[in-house]
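Asks: Take a look at this one; I'll ask things after.
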Amino acid sequence: MENGLVVVEETSHHAALLREAAQYARGGDAELVVLAFATGEEIGPGVRKIESIGEIEGISDDDGEDAIIDAAETELEKFVQRTLDETAVEYTVAVNVLSEGYGMGTLNAAAEYDCDHVFIAGRKRSPTGKAIFGDWIQRVLLNFDGAVTVSLEEDGGRAADS
């Protein structure tokens with residue numbers, strides 16, 4: 001692995017995934033891109049937070065998308081620093097506005113940041129649930145041309161679209 005993409009939200013499950021990715025990266029002297037998504041609905045008039053990485057203090061809906069993204073990246077940086085503590089691994093943080101599903105957003109980000117390994121967290125779902133609601137993780141597994149590490153959580157997780 002040269003570059004790994006870690007898709008996170010501010011949860012304990014994602015923090016564990018980030019620590020695992022950091023160990024893997026450190027062992028191979030690789031770099032990580034730690035990515036959070038914001039949907040178009042979360043970046044716009046009347047919106048004061050980006051759900052995936054928590055409340056952003058001091059930002060209002062009048063500040064514009066660029067200011068909100070900058071503030072979100074600052075909050076993501078704090079999450080990564082808290083999670084990795086003193087772990088010696090090179091990383092970059094990014095917040096991408098999601099205009100397509102999580103699967104395509106992840107694939108596009110992996111290509112944009114030239115990543116050869118993707119780390120994602122999900123939740124266990126029944127085969128019926130996957131068939132009815134789609135599964136963005138399955139999209140990444142089937143379409144990413146590289147290694148994919150998936151950490152499954154029994155309960156919780158985000159039921160994202162494909």
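By convention in this document, the chains of the structure tokens carry letters A, B, ... by their order, each chain's residues are numbered from 1, and ligands are numbered from 1 in the order they are shown.
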Please produce, as a tab-separated table, a per-residue contact table for range 76-114 of chain A versus range 4-22 of chain A (criterion: any atom at most 7 Å away, only C-alpha atoms considered), showing the nearest atom pair and its distance in Å to one decimal, sorted by chain then residue number.
Replies:
```
residue	atom	partner	partner_atom	distance
A:Phe79	CA	A:Glu10	CA	7.0
A:Thr83	CA	A:Ala15	CA	5.9
A:Leu84	CA	A:Arg19	CA	6.2
A:Val89	CA	A:Ala22	CA	6.3
A:Ala110	CA	A:Leu5	CA	6.3
```
Asks: Go ahead and save the residues from that selection, with N, CA and C atoms, as a short mmCIF file (atom, residue, chain, number, x, y, z; two decimals), in the first residue's frame.
Replies:
```
data_model
loop_
_atom_site.label_atom_id
_atom_site.label_comp_id
_atom_site.auth_asym_id
_atom_site.auth_seq_id
_atom_site.Cartn_x
_atom_site.Cartn_y
_atom_site.Cartn_z
N PHE A 79 -10.58 15.12 15.26
CA PHE A 79 -11.00 13.73 15.46
C PHE A 79 -9.83 12.79 15.18
N THR A 83 -7.86 10.41 17.83
CA THR A 83 -7.91 8.97 17.59
C THR A 83 -6.52 8.38 17.46
N LEU A 84 -5.65 9.03 16.71
CA LEU A 84 -4.32 8.48 16.45
C LEU A 84 -3.31 8.87 17.52
N VAL A 89 2.17 8.40 11.65
CA VAL A 89 1.74 8.06 10.30
C VAL A 89 1.38 9.36 9.58
N ALA A 110 -11.18 7.76 -3.98
CA ALA A 110 -10.00 6.89 -4.09
C ALA A 110 -9.22 7.22 -5.36
#
```
Asks: Report the distance between CA of Gly122 in chain A and CA of Leu152 in chain A in Å, rounded to one decimal place.
Replies: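 So the two atoms, CA of Gly122 in chain A and CA of Leu152 in chain A, lie 4.9 Å apart.
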Asks: Which residue out of A:Thr87, A:Met1, A:Gly28, A:Val33 has the minimum interatomic distance to Glu112 in chain A when only C-alpha atoms are used?
Replies: A:Val33
Asks: Measuring between only C-alpha atoms, which one of A:Leu107, A:Phe119, A:Leu32, A:Asp135 shows the shortest distance to Ser151 in chain A?
Replies: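 Residue with the minimum atom-to-atom distance to Ser151 in chain A: A:Phe119.
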Asks: CA of Ala111 in chain A and CA of Ala71 in chain A, how far apart in Å?
Replies: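 Distance between the two atoms: 24.2 Å.
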Asks: Between A:Lys124, A:Ala30, A:Arg139, A:Gln23, which residue has the minimum interatomic distance to Gly101 in chain A, considering only C-alpha atoms?
Replies: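 Nearest to Gly101 in chain A: A:Arg139.
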Asks: Between A:Tyr24, A:Ile69, A:Val140, A:Asp29, which one has atoms that come closest to Thr106 in chain A, using only C-alpha atoms?
Replies: A:Val140
Asks: Kindly give the distance, in Å, that separates CA of Thr92 in chain A and CA of Ala147 in chain A, rounded to a single decimal.
Replies: 19.4 Å
Asks: Which one is closest to Val93 in chain A: A:Asp145, A:Arg26, A:Leu35, A:Asp70? Count only C-alpha atoms.
Replies: A:Leu35
